[in-house]
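One structure is given here, and the rest of the page talks about it.
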2 protein chains.
Amino acid sequence: MNKMPLLQLKRLGIDTHKEAIIYMREDCHICISEGFKAHTRVKVTLDDRSIIATLNIIKSSLLEKGKAGLSECAWEQLKAEENNEISISHARPVESLSYVRSKIYNNVLSEVQLNEIIKDITTGSYSDIHISSFLTACAGGRLDVQEIASLTKAMVETGNRMNWQKQIVVDKHCVGGLPGNRTTPIVVSIVAAFGLTMPKTSSRAITSPAGTADTMEVFTNVDLSLEMLKRVVNQENACLAWGGAISISPADDMLIQVERALELDSEGQLVASVLSKKISAGSTHVLIDLPVGATSKIRSDKMAELLISYLVAVGNKLGIKVKTITTDGSQPVGNGIGPALEARDVLAVLQNDKQAPSDLRERSLLLAGNVLEFSPDVREGEGYKIAAEILDSGKALKKLIAICKAQGGFREVPEAQYTYPVLAQQSGVVVNIDNRRIAKIAKLTGAPEYKVGGIDLHIRNGSSVNKGDKLYTIHTNSKGMLSYVLDYVKNFNHAIIIDSNNLRAVPRQNFLPF
Amino acid sequence: MNKMPLLQLKRLGIDTHKEAIIYMREDCHICISEGFKAHTRVKVTLDDRSIIATLNIIKSSLLEKGKAGLSECAWEQLKAEENNEISISHARPVESLSYVRSKIYNNVLSEVQLNEIIKDITTGSYSDIHISSFLTACAGGRLDVQEIASLTKAMVETGNRMNWQKQIVVDKHCVGGLPGNRTTPIVVSIVAAFGLTMPKTSSRAITSPAGTADTMEVFTNVDLSLEMLKRVVNQENACLAWGGAISISPADDMLIQVERALELDSEGQLVASVLSKKISAGSTHVLIDLPVGATSKIRSDKMAELLISYLVAVGNKLGIKVKTITTDGSQPVGNGIGPALEARDVLAVLQNDKQAPSDLRERSLLLAGNVLEFSPDVREGEGYKIAAEILDSGKALKKLIAICKAQGGFREVPEAQYTYPVLAQQSGVVVNIDNRRIAKIAKLTGAPEYKVGGIDLHIRNGSSVNKGDKLYTIHTNSKGMLSYVLDYVKNFNHAIIIDSNNLRAVPRQNFLPF
């Protein structure tokens, strides 16, 4: 196939997320002779590097004769430069797609087969269409525990893996975040101050107003190289880094975006996704927090129990200790929702500020206590007390600042230019706070792209309010967005339900594990 | 949401096949305030027309500030013009995706639910990712006969439907074409000459060197409007039109391209695809030809039997008579493979030319005879004889020419500029002809884009050949492609297997139904 003419690359700068696309002219000789059409999967080769890409046909003057373009992710995968010469040929059929078809026909996949699939996904041999089919074929409880374990293992093997040469390396993960539920920086600070190793990597927000990485970025740099991450952890026992920077589970990153497009949360994929990242980070003991609530990710105890059974079983198979805890997911946590506002709450808790949201403090102590109990030096049931001592003593605050300094410096929390209070339309008792709607409103302020954007919540379920009381305050730096979000709030303001026939305060829902 | 600023359209001319894509600048205010990222599904509104599109982010100067682009199919769906102003908002969650998830969890879908899904697919609310998930969830035998019937009905209801006011309207379909198997024009000519109504619509090649529509286009115009198609059929009892021009099953067109990407041939989708198009065309009696062979689409009798059971059962439920016939799919049919060469064979058969390929003639008579037996005037077992009489009498040839004239005129079959014979490397007996490899070689000549491109086959399974005998002749109009295809033939010439230890001719495989 070497007779094939080469094409010159032109950078079009089109971000298709993770989908590799090649753009070729309609009248391109290769397209005609090879019978390439829009949607054909082709092999693109630059020097010794090759990727599989989906073809888009250019019918305009976007590309001159003899030129081809690539989507940004394809450009990066190929380490391409302007005017580099590439050759294009038919993509070889992807062997492992036959395993996906086998799964569609209800066969159990072997470790080798799942490994092949994940390898091909990582190297970009699968289009989003193929990934979608794989995810669908594995959903609906079609993966047994052994398959989930194999999938997890495959994800670990295709990414970077850390080794800390320690008996115990702990981690903590929350399945399906609640708005404002920013316990991680507090837990990490307490646990590291105690002396346990906790190489914490977190994600940025994808659909929420803030991910832990976005919030931590208010304090310091989270975009650490693998080397720097190791240095920070060896020095401070812990880090608070963005997981995306060090690709510890590249396959999972590609699966997740398609899962979101499908709004599909397959138990098997979720378990593999969570555990593969913990194992890659070198963790030996992991605490997993499962908030259960009508408007949170896990909507029923039944769903929680199923997940827990998988998490524990797969953890056992792969040799890491998994402890789970179910918590109240009925409403947001803390006051601030959005990177800077959450950072403010985190700091307030660590500073033992009287104004600090007690629910965020309590949740953090509960989780930190459970993590501490992974240590042989901490007796069952004593974790919470020890965690509280470390927090009250100010050692946790010192540790957070030390970690931030090690990661590049500690920054003050910025404040928004514009704030706008949203008031209660009637007197009564708050009977429902919709996590999803609250998150949506916070997002419309520009969070997390704008760190100071978000909302400051002034009530909880069960709070008694009088007409005109502040329910929450909108924070943003853009007048345009303020009007935009107010517009939304006016039209769809069912985020907080006040029952006016119910003027006696009902007991506030408990956040402790049930 | 009317406060949202508008964007001006710029035509980028990017053909993404059937996927609606919108291209927006990275710094676009809407992207930031709405939190749009690459891959977000957004609602694009132009005047009173709206579509759902997937967002691609432009990080270059491809678009000026305030501009947005659309993929070609999105441009057409919106009937857009340069500089039209569009508004963009979050796409409402697609209700019917919850039915897809329900199917993933093995629930049976109702007629209403499948109808919703197909309607949403037709209106472009599903991305390829969603379509892939739907197809996967329905594959692996997860659709029961009632669901397949509902799916078929839904496809019919979302497309144009014809009504011929006739007791009997016949059609014929071949599941999974063999190279050169161009019986349709012959069958249609015979059946129409007999006097039955046969509004034949065919597809163009997608992965093969020629579809029936491509071959018919050698003779005449196949791109008929619905009105013209009706005129032709009312005048000549039949037409030979391209189905794509009159969208009789738009949903199916969208499903098929994703199925091909997945190399997934789900029985349910196949049955719904075939029958929905026949019902939309107003057919009451349909003959379905299933060629079975190791390198054809249907590889085993078991697969054929399963398909037949579905085809017949769904046909009954939807009130059309379905007759099936399995034929030999072990090798190509006729000599010519490629639009012009197949047209030449078709004409030779209709002209009762002594050189005409007898297998093409026999296959055509077999199928035409079965179609004729749908008529109350034709007794069982007499169809073949009547078909042969019509063919031998020259009436079928007259009818083909009449149909072509009604469609815009009858054209002579063109010939290729360059031909190149491929010779036997050894003496022996032809023991295998790989349908897929033969098709691939024919495609590399430029067919079907270049009508004269293709190959002319000189042997069959069981033919005795001497070293140096012509196996087939390559036809093309491009010197470049000739060298390109010869290159391929040299490297991968396992299309035809000659057994030199087997010098006695083995009996040629039978094409009659088994």
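As shown in the structure tokens, the chain order sets the letters A, B, ...; within each chain, residues go from 1, and ligands are also counted from 1 in the order they appear.
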
Find the residues of chain A in contact range of chain B, meaning any atom within 7 Å when counting only C-alpha atoms, and list them as a count of residues only. 35

Could you pull the residues within 12 Å of stretch 377-386 of chain A, counting only C-alpha atoms, minus those fewer than 4 positions along the same chain, as a PDB file with all heavy atoms, in the first residue's frame?
```pdb
ATOM      1  N   ILE A 168       0.301   0.068  54.167  1.00  0.00           N
ATOM      2  CA  ILE A 168      -1.059   0.606  54.043  1.00  0.00           C
ATOM      3  C   ILE A 168      -1.044   1.909  53.251  1.00  0.00           C
ATOM      4  O   ILE A 168      -0.314   2.845  53.597  1.00  0.00           O
ATOM      5  CB  ILE A 168      -1.673   0.866  55.426  1.00  0.00           C
ATOM      6  CG1 ILE A 168      -1.868  -0.457  56.178  1.00  0.00           C
ATOM      7  CG2 ILE A 168      -3.002   1.603  55.308  1.00  0.00           C
ATOM      8  CD1 ILE A 168      -2.481  -0.298  57.542  1.00  0.00           C
ATOM      9  N   VAL A 187     -10.793  15.440  54.729  1.00  0.00           N
ATOM     10  CA  VAL A 187     -10.425  14.066  55.084  1.00  0.00           C
ATOM     11  C   VAL A 187      -8.938  13.831  54.831  1.00  0.00           C
ATOM     12  O   VAL A 187      -8.220  13.318  55.690  1.00  0.00           O
ATOM     13  CB  VAL A 187     -11.281  13.062  54.284  1.00  0.00           C
ATOM     14  CG1 VAL A 187     -10.786  11.628  54.506  1.00  0.00           C
ATOM     15  CG2 VAL A 187     -12.745  13.189  54.662  1.00  0.00           C
ATOM     16  N   ILE A 190      -6.735  15.532  57.452  1.00  0.00           N
ATOM     17  CA  ILE A 190      -6.752  14.843  58.748  1.00  0.00           C
ATOM     18  C   ILE A 190      -5.933  13.559  58.686  1.00  0.00           C
ATOM     19  O   ILE A 190      -5.061  13.311  59.521  1.00  0.00           O
ATOM     20  CB  ILE A 190      -8.213  14.531  59.169  1.00  0.00           C
ATOM     21  CG1 ILE A 190      -8.979  15.818  59.448  1.00  0.00           C
ATOM     22  CG2 ILE A 190      -8.243  13.596  60.377  1.00  0.00           C
ATOM     23  CD1 ILE A 190     -10.484  15.638  59.644  1.00  0.00           C
ATOM     24  N   VAL A 191      -6.184  12.761  57.630  1.00  0.00           N
ATOM     25  CA  VAL A 191      -5.529  11.452  57.506  1.00  0.00           C
ATOM     26  C   VAL A 191      -4.020  11.610  57.336  1.00  0.00           C
ATOM     27  O   VAL A 191      -3.228  10.887  57.960  1.00  0.00           O
ATOM     28  CB  VAL A 191      -6.145  10.656  56.335  1.00  0.00           C
ATOM     29  CG1 VAL A 191      -5.334   9.387  56.045  1.00  0.00           C
ATOM     30  CG2 VAL A 191      -7.600  10.315  56.647  1.00  0.00           C
ATOM     31  N   ALA A 193      -2.266  14.206  58.306  1.00  0.00           N
ATOM     32  CA  ALA A 193      -1.727  14.736  59.555  1.00  0.00           C
ATOM     33  C   ALA A 193      -1.525  13.594  60.554  1.00  0.00           C
ATOM     34  O   ALA A 193      -0.558  13.580  61.323  1.00  0.00           O
ATOM     35  CB  ALA A 193      -2.685  15.779  60.135  1.00  0.00           C
ATOM     36  N   PHE A 194      -2.405  12.609  60.477  1.00  0.00           N
ATOM     37  CA  PHE A 194      -2.268  11.444  61.367  1.00  0.00           C
ATOM     38  C   PHE A 194      -1.038  10.632  60.995  1.00  0.00           C
ATOM     39  O   PHE A 194      -0.393  10.017  61.840  1.00  0.00           O
ATOM     40  CB  PHE A 194      -3.523  10.576  61.263  1.00  0.00           C
ATOM     41  CG  PHE A 194      -3.453   9.303  62.067  1.00  0.00           C
ATOM     42  CD1 PHE A 194      -3.738   9.295  63.422  1.00  0.00           C
ATOM     43  CD2 PHE A 194      -3.068   8.110  61.454  1.00  0.00           C
ATOM     44  CE1 PHE A 194      -3.667   8.115  64.152  1.00  0.00           C
ATOM     45  CE2 PHE A 194      -2.997   6.931  62.179  1.00  0.00           C
ATOM     46  CZ  PHE A 194      -3.291   6.927  63.540  1.00  0.00           C
ATOM     47  N   GLY A 195      -0.725  10.624  59.685  1.00  0.00           N
ATOM     48  CA  GLY A 195       0.490   9.920  59.272  1.00  0.00           C
ATOM     49  C   GLY A 195       0.279   8.811  58.266  1.00  0.00           C
ATOM     50  O   GLY A 195       1.225   8.142  57.857  1.00  0.00           O
ATOM     51  N   LEU A 196      -0.981   8.608  57.860  1.00  0.00           N
ATOM     52  CA  LEU A 196      -1.234   7.598  56.827  1.00  0.00           C
ATOM     53  C   LEU A 196      -0.941   8.179  55.440  1.00  0.00           C
ATOM     54  O   LEU A 196      -1.036   9.382  55.236  1.00  0.00           O
ATOM     55  CB  LEU A 196      -2.691   7.132  56.885  1.00  0.00           C
ATOM     56  CG  LEU A 196      -3.077   6.164  58.012  1.00  0.00           C
ATOM     57  CD1 LEU A 196      -4.574   5.887  57.977  1.00  0.00           C
ATOM     58  CD2 LEU A 196      -2.302   4.852  57.881  1.00  0.00           C
ATOM     59  N   ARG A 361     -18.515  19.477  58.334  1.00  0.00           N
ATOM     60  CA  ARG A 361     -17.556  19.038  59.361  1.00  0.00           C
ATOM     61  C   ARG A 361     -17.864  17.616  59.810  1.00  0.00           C
ATOM     62  O   ARG A 361     -16.992  16.743  59.811  1.00  0.00           O
ATOM     63  CB  ARG A 361     -17.626  19.996  60.562  1.00  0.00           C
ATOM     64  CG  ARG A 361     -16.794  19.529  61.764  1.00  0.00           C
ATOM     65  CD  ARG A 361     -17.059  20.371  63.019  1.00  0.00           C
ATOM     66  NE  ARG A 361     -16.644  19.674  64.223  1.00  0.00           N
ATOM     67  CZ  ARG A 361     -15.411  19.802  64.765  1.00  0.00           C
ATOM     68  NH1 ARG A 361     -14.507  20.589  64.216  1.00  0.00           N
ATOM     69  NH2 ARG A 361     -15.089  19.123  65.858  1.00  0.00           N
ATOM     70  N   GLU A 362     -19.139  17.370  60.120  1.00  0.00           N
ATOM     71  CA  GLU A 362     -19.522  16.054  60.657  1.00  0.00           C
ATOM     72  C   GLU A 362     -19.267  14.948  59.642  1.00  0.00           C
ATOM     73  O   GLU A 362     -18.748  13.878  59.965  1.00  0.00           O
ATOM     74  CB  GLU A 362     -20.981  16.072  61.077  1.00  0.00           C
ATOM     75  CG  GLU A 362     -21.227  16.858  62.360  1.00  0.00           C
ATOM     76  CD  GLU A 362     -20.330  16.356  63.503  1.00  0.00           C
ATOM     77  OE1 GLU A 362     -20.160  15.125  63.636  1.00  0.00           O
ATOM     78  OE2 GLU A 362     -19.760  17.209  64.221  1.00  0.00           O
ATOM     79  N   ARG A 363     -19.653  15.197  58.386  1.00  0.00           N
ATOM     80  CA  ARG A 363     -19.453  14.221  57.329  1.00  0.00           C
ATOM     81  C   ARG A 363     -17.974  13.910  57.160  1.00  0.00           C
ATOM     82  O   ARG A 363     -17.559  12.764  57.032  1.00  0.00           O
ATOM     83  CB  ARG A 363     -19.987  14.796  56.023  1.00  0.00           C
ATOM     84  CG  ARG A 363     -20.991  13.954  55.318  1.00  0.00           C
ATOM     85  CD  ARG A 363     -21.457  14.692  54.073  1.00  0.00           C
ATOM     86  NE  ARG A 363     -22.891  14.594  53.944  1.00  0.00           N
ATOM     87  CZ  ARG A 363     -23.480  13.581  53.302  1.00  0.00           C
ATOM     88  NH1 ARG A 363     -22.769  12.617  52.756  1.00  0.00           N
ATOM     89  NH2 ARG A 363     -24.793  13.532  53.226  1.00  0.00           N
ATOM     90  N   SER A 364     -17.167  14.976  57.190  1.00  0.00           N
ATOM     91  CA  SER A 364     -15.720  14.796  56.999  1.00  0.00           C
ATOM     92  C   SER A 364     -15.127  13.967  58.133  1.00  0.00           C
ATOM     93  O   SER A 364     -14.313  13.063  57.906  1.00  0.00           O
ATOM     94  CB  SER A 364     -15.035  16.165  56.933  1.00  0.00           C
ATOM     95  OG  SER A 364     -15.602  16.952  55.899  1.00  0.00           O
ATOM     96  N   LEU A 365     -15.560  14.255  59.368  1.00  0.00           N
ATOM     97  CA  LEU A 365     -15.033  13.506  60.522  1.00  0.00           C
ATOM     98  C   LEU A 365     -15.458  12.043  60.444  1.00  0.00           C
ATOM     99  O   LEU A 365     -14.670  11.128  60.713  1.00  0.00           O
ATOM    100  CB  LEU A 365     -15.518  14.143  61.827  1.00  0.00           C
ATOM    101  CG  LEU A 365     -14.906  15.501  62.172  1.00  0.00           C
ATOM    102  CD1 LEU A 365     -15.554  16.091  63.413  1.00  0.00           C
ATOM    103  CD2 LEU A 365     -13.394  15.374  62.374  1.00  0.00           C
ATOM    104  N   LEU A 366     -16.708  11.835  60.051  1.00  0.00           N
ATOM    105  CA  LEU A 366     -17.218  10.467  59.911  1.00  0.00           C
ATOM    106  C   LEU A 366     -16.350   9.683  58.932  1.00  0.00           C
ATOM    107  O   LEU A 366     -15.887   8.570  59.226  1.00  0.00           O
ATOM    108  CB  LEU A 366     -18.658  10.520  59.411  1.00  0.00           C
ATOM    109  CG  LEU A 366     -19.301   9.184  59.063  1.00  0.00           C
ATOM    110  CD1 LEU A 366     -19.650   8.430  60.327  1.00  0.00           C
ATOM    111  CD2 LEU A 366     -20.546   9.397  58.204  1.00  0.00           C
ATOM    112  N   LEU A 367     -16.072  10.278  57.777  1.00  0.00           N
ATOM    113  CA  LEU A 367     -15.296   9.587  56.738  1.00  0.00           C
ATOM    114  C   LEU A 367     -13.832   9.460  57.156  1.00  0.00           C
ATOM    115  O   LEU A 367     -13.237   8.386  57.052  1.00  0.00           O
ATOM    116  CB  LEU A 367     -15.418  10.342  55.409  1.00  0.00           C
ATOM    117  CG  LEU A 367     -16.844  10.411  54.836  1.00  0.00           C
ATOM    118  CD1 LEU A 367     -16.893  11.356  53.647  1.00  0.00           C
ATOM    119  CD2 LEU A 367     -17.348   9.028  54.444  1.00  0.00           C
ATOM    120  N   ALA A 368     -13.275  10.549  57.676  1.00  0.00           N
ATOM    121  CA  ALA A 368     -11.872  10.502  58.107  1.00  0.00           C
ATOM    122  C   ALA A 368     -11.697   9.436  59.190  1.00  0.00           C
ATOM    123  O   ALA A 368     -10.741   8.643  59.162  1.00  0.00           O
ATOM    124  CB  ALA A 368     -11.439  11.868  58.628  1.00  0.00           C
ATOM    125  N   GLY A 369     -12.645   9.380  60.123  1.00  0.00           N
ATOM    126  CA  GLY A 369     -12.586   8.380  61.197  1.00  0.00           C
ATOM    127  C   GLY A 369     -12.539   6.975  60.634  1.00  0.00           C
ATOM    128  O   GLY A 369     -11.732   6.134  61.052  1.00  0.00           O
ATOM    129  N   ASN A 370     -13.401   6.717  59.660  1.00  0.00           N
ATOM    130  CA  ASN A 370     -13.420   5.387  59.042  1.00  0.00           C
ATOM    131  C   ASN A 370     -12.121   5.076  58.324  1.00  0.00           C
ATOM    132  O   ASN A 370     -11.647   3.938  58.355  1.00  0.00           O
ATOM    133  CB  ASN A 370     -14.601   5.284  58.082  1.00  0.00           C
ATOM    134  CG  ASN A 370     -15.879   4.848  58.774  1.00  0.00           C
ATOM    135  OD1 ASN A 370     -16.092   3.672  58.974  1.00  0.00           O
ATOM    136  ND2 ASN A 370     -16.696   5.813  59.177  1.00  0.00           N
ATOM    137  N   VAL A 371     -11.530   6.087  57.686  1.00  0.00           N
ATOM    138  CA  VAL A 371     -10.253   5.866  56.994  1.00  0.00           C
ATOM    139  C   VAL A 371      -9.161   5.582  58.021  1.00  0.00           C
ATOM    140  O   VAL A 371      -8.370   4.643  57.865  1.00  0.00           O
ATOM    141  CB  VAL A 371      -9.873   7.091  56.123  1.00  0.00           C
ATOM    142  CG1 VAL A 371      -8.460   6.920  55.562  1.00  0.00           C
ATOM    143  CG2 VAL A 371     -10.874   7.282  54.997  1.00  0.00           C
ATOM    144  N   LEU A 372      -9.157   6.362  59.105  1.00  0.00           N
ATOM    145  CA  LEU A 372      -8.131   6.161  60.146  1.00  0.00           C
ATOM    146  C   LEU A 372      -8.179   4.750  60.705  1.00  0.00           C
ATOM    147  O   LEU A 372      -7.155   4.166  61.054  1.00  0.00           O
ATOM    148  CB  LEU A 372      -8.308   7.186  61.266  1.00  0.00           C
ATOM    149  CG  LEU A 372      -8.001   8.642  60.917  1.00  0.00           C
ATOM    150  CD1 LEU A 372      -8.224   9.552  62.119  1.00  0.00           C
ATOM    151  CD2 LEU A 372      -6.575   8.793  60.401  1.00  0.00           C
ATOM    152  N   GLU A 373      -9.382   4.176  60.754  1.00  0.00           N
ATOM    153  CA  GLU A 373      -9.513   2.830  61.314  1.00  0.00           C
ATOM    154  C   GLU A 373      -8.891   1.755  60.433  1.00  0.00           C
ATOM    155  O   GLU A 373      -8.794   0.597  60.830  1.00  0.00           O
ATOM    156  CB  GLU A 373     -10.980   2.529  61.639  1.00  0.00           C
ATOM    157  CG  GLU A 373     -11.444   3.323  62.857  1.00  0.00           C
ATOM    158  CD  GLU A 373     -12.947   3.209  63.142  1.00  0.00           C
ATOM    159  OE1 GLU A 373     -13.610   2.313  62.586  1.00  0.00           O
ATOM    160  OE2 GLU A 373     -13.448   4.044  63.910  1.00  0.00           O
ATOM    161  N   ILE A 390      -7.549  15.801  65.726  1.00  0.00           N
ATOM    162  CA  ILE A 390      -6.598  16.354  64.733  1.00  0.00           C
ATOM    163  C   ILE A 390      -7.179  17.631  64.126  1.00  0.00           C
ATOM    164  O   ILE A 390      -6.478  18.633  63.963  1.00  0.00           O
ATOM    165  CB  ILE A 390      -6.300  15.305  63.640  1.00  0.00           C
ATOM    166  CG1 ILE A 390      -5.550  14.116  64.245  1.00  0.00           C
ATOM    167  CG2 ILE A 390      -5.513  15.918  62.488  1.00  0.00           C
ATOM    168  CD1 ILE A 390      -5.406  12.923  63.316  1.00  0.00           C
ATOM    169  N   LEU A 391      -8.486  17.596  63.861  1.00  0.00           N
ATOM    170  CA  LEU A 391      -9.117  18.781  63.257  1.00  0.00           C
ATOM    171  C   LEU A 391      -9.111  19.951  64.240  1.00  0.00           C
ATOM    172  O   LEU A 391      -8.678  21.055  63.899  1.00  0.00           O
ATOM    173  CB  LEU A 391     -10.557  18.435  62.840  1.00  0.00           C
ATOM    174  CG  LEU A 391     -11.365  19.557  62.176  1.00  0.00           C
ATOM    175  CD1 LEU A 391     -10.689  20.015  60.891  1.00  0.00           C
ATOM    176  CD2 LEU A 391     -12.782  19.097  61.883  1.00  0.00           C
ATOM    177  N   ASP A 392      -9.549  19.672  65.466  1.00  0.00           N
ATOM    178  CA  ASP A 392      -9.655  20.753  66.460  1.00  0.00           C
ATOM    179  C   ASP A 392      -8.287  21.339  66.798  1.00  0.00           C
ATOM    180  O   ASP A 392      -8.153  22.537  67.062  1.00  0.00           O
ATOM    181  CB  ASP A 392     -10.334  20.231  67.741  1.00  0.00           C
ATOM    182  CG  ASP A 392     -11.778  19.809  67.473  1.00  0.00           C
ATOM    183  OD1 ASP A 392     -12.333  20.263  66.445  1.00  0.00           O
ATOM    184  OD2 ASP A 392     -12.332  19.004  68.241  1.00  0.00           O
ATOM    185  N   SER A 393      -7.261  20.494  66.745  1.00  0.00           N
ATOM    186  CA  SER A 393      -5.917  20.948  67.123  1.00  0.00           C
ATOM    187  C   SER A 393      -5.304  21.900  66.094  1.00  0.00           C
ATOM    188  O   SER A 393      -4.268  22.511  66.345  1.00  0.00           O
ATOM    189  CB  SER A 393      -4.993  19.732  67.245  1.00  0.00           C
ATOM    190  OG  SER A 393      -4.743  19.211  65.937  1.00  0.00           O
ATOM    191  N   LYS A 395      -4.001  20.839  63.385  1.00  0.00           N
ATOM    192  CA  LYS A 395      -2.984  20.098  62.617  1.00  0.00           C
ATOM    193  C   LYS A 395      -3.461  19.841  61.181  1.00  0.00           C
ATOM    194  O   LYS A 395      -2.670  19.857  60.234  1.00  0.00           O
ATOM    195  CB  LYS A 395      -2.689  18.754  63.301  1.00  0.00           C
ATOM    196  CG  LYS A 395      -1.873  18.858  64.572  1.00  0.00           C
ATOM    197  CD  LYS A 395      -1.379  17.467  64.996  1.00  0.00           C
ATOM    198  CE  LYS A 395      -0.930  17.469  66.459  1.00  0.00           C
ATOM    199  NZ  LYS A 395      -1.572  16.415  67.250  1.00  0.00           N
ATOM    200  N   ALA A 396      -4.772  19.623  61.024  1.00  0.00           N
ATOM    201  CA  ALA A 396      -5.304  19.347  59.682  1.00  0.00           C
ATOM    202  C   ALA A 396      -5.131  20.573  58.792  1.00  0.00           C
ATOM    203  O   ALA A 396      -4.708  20.465  57.641  1.00  0.00           O
ATOM    204  CB  ALA A 396      -6.770  18.956  59.788  1.00  0.00           C
TER     205      ALA A 396
END
```

For B:Ser202, find every residue with an atom within 8 Å (counting only C-alpha atoms), except residues of its own chain fewer than 2 positions away, and show them as a list in words.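 The filter keeps Lys200, Arg204, Gly211, Thr212, Ala213, Leu240, Ala241, Trp242 and Gly243 of chain B.
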
Output file for the selection above: N, CA and C atoms, as a short mmCIF file (atom, residue, chain, number, x, y, z; two decimals), in the first residue's frame:
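result_39.cif, freshly written:
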```cif
data_model
loop_
_atom_site.label_atom_id
_atom_site.label_comp_id
_atom_site.auth_asym_id
_atom_site.auth_seq_id
_atom_site.Cartn_x
_atom_site.Cartn_y
_atom_site.Cartn_z
N LYS B 200 -40.46 -1.32 -7.76
CA LYS B 200 -39.18 -1.73 -7.18
C LYS B 200 -38.30 -0.53 -6.86
N ARG B 204 -28.29 1.97 -3.35
CA ARG B 204 -26.97 2.06 -3.96
C ARG B 204 -26.01 1.24 -3.11
N GLY B 211 -24.67 -1.54 -6.23
CA GLY B 211 -26.01 -1.88 -5.78
C GLY B 211 -26.91 -1.89 -7.00
N THR B 212 -28.11 -2.45 -6.85
CA THR B 212 -29.01 -2.51 -8.00
C THR B 212 -29.25 -1.11 -8.58
N ALA B 213 -29.35 -0.12 -7.69
CA ALA B 213 -29.59 1.24 -8.17
C ALA B 213 -28.41 1.74 -9.01
N LEU B 240 -37.71 0.93 -11.64
CA LEU B 240 -36.44 0.47 -11.06
C LEU B 240 -35.75 1.71 -10.53
N ALA B 241 -36.16 2.14 -9.33
CA ALA B 241 -35.75 3.44 -8.80
C ALA B 241 -34.82 3.27 -7.62
N TRP B 242 -34.11 4.37 -7.28
CA TRP B 242 -33.26 4.41 -6.10
C TRP B 242 -34.15 4.75 -4.90
N GLY B 243 -34.15 3.88 -3.89
CA GLY B 243 -35.02 4.10 -2.72
C GLY B 243 -34.64 5.33 -1.92
#
```

Write out as JSON, numbers by chain which residues come within 10 Å of B:Leu307 when counting only C-alpha atoms, dropping same-chain ones fewer than 2 positions away. {"B": [175, 266, 267, 268, 270, 271, 290, 298, 301, 302, 303, 304, 305, 309, 310, 311, 312, 313, 324]}

What parts of stretch 320-507 of chain A does DSSP call strand (DSSP E)? I'd like the answer as a PyMOL selection string. chain A and resi 321-328+336-337+418-423+428-433+454-457+464-465+470-476+496-499

How would the residues just chosen look if you wrote them out with C-alpha atoms as a compact mmCIF listing (two decimals), in the first residue's frame?
```txt
# COMPACT_ATOMS: atom_id res chain seq x y z
CA LYS A 321 -9.64 -3.86 51.22
CA VAL A 322 -12.89 -2.04 50.40
CA LYS A 323 -15.02 -0.57 53.19
CA THR A 324 -18.32 1.10 52.23
CA ILE A 325 -20.57 3.57 53.99
CA THR A 326 -24.01 4.81 52.92
CA THR A 327 -24.87 8.39 53.79
CA ASP A 328 -27.82 10.74 53.42
CA GLY A 336 -21.12 26.92 49.18
CA ILE A 337 -21.70 25.24 45.83
CA TYR A 418 -21.75 40.21 41.90
CA THR A 419 -24.04 38.54 44.39
CA TYR A 420 -27.81 38.28 44.28
CA PRO A 421 -30.06 36.82 46.98
CA VAL A 422 -32.97 34.55 46.05
CA LEU A 423 -35.80 34.99 48.55
CA GLY A 428 -43.21 27.71 55.76
CA VAL A 429 -40.84 24.81 56.13
CA VAL A 430 -38.32 23.66 53.53
CA VAL A 431 -39.46 20.16 52.65
CA ASN A 432 -37.31 19.44 49.59
CA ILE A 433 -34.06 20.62 48.00
CA GLY A 454 -21.85 29.34 42.30
CA ILE A 455 -24.49 29.66 44.99
CA ASP A 456 -24.39 30.02 48.74
CA LEU A 457 -27.14 27.98 50.39
CA SER A 464 -38.43 27.28 58.87
CA VAL A 465 -38.42 30.36 56.66
CA LYS A 470 -32.83 34.46 51.80
CA LEU A 471 -32.89 30.88 50.48
CA TYR A 472 -29.57 31.17 48.69
CA THR A 473 -27.28 33.78 47.18
CA ILE A 474 -26.07 33.66 43.59
CA HIS A 475 -22.37 34.50 43.06
CA THR A 476 -20.86 35.39 39.69
CA ILE A 496 -36.40 24.40 46.84
CA ILE A 497 -39.90 23.41 47.96
CA ILE A 498 -41.47 25.26 50.90
CA ASP A 499 -44.56 23.76 52.53
```

Apply DSSP to the structure's backbone, then extract all residues of stretch 190-231 of chain A labelled alpha helix (DSSP H) and return them as a list in words.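 Output for stretch 190-231 of chain A, alpha helix (DSSP H) only: Ile190, Val191, Ala192, Ala193, Phe194, Thr212, Ala213, Asp214, Thr215, Met216, Glu217, Val218, Phe219, Leu226, Glu227, Met228, Leu229, Lys230 and Arg231 of chain A.
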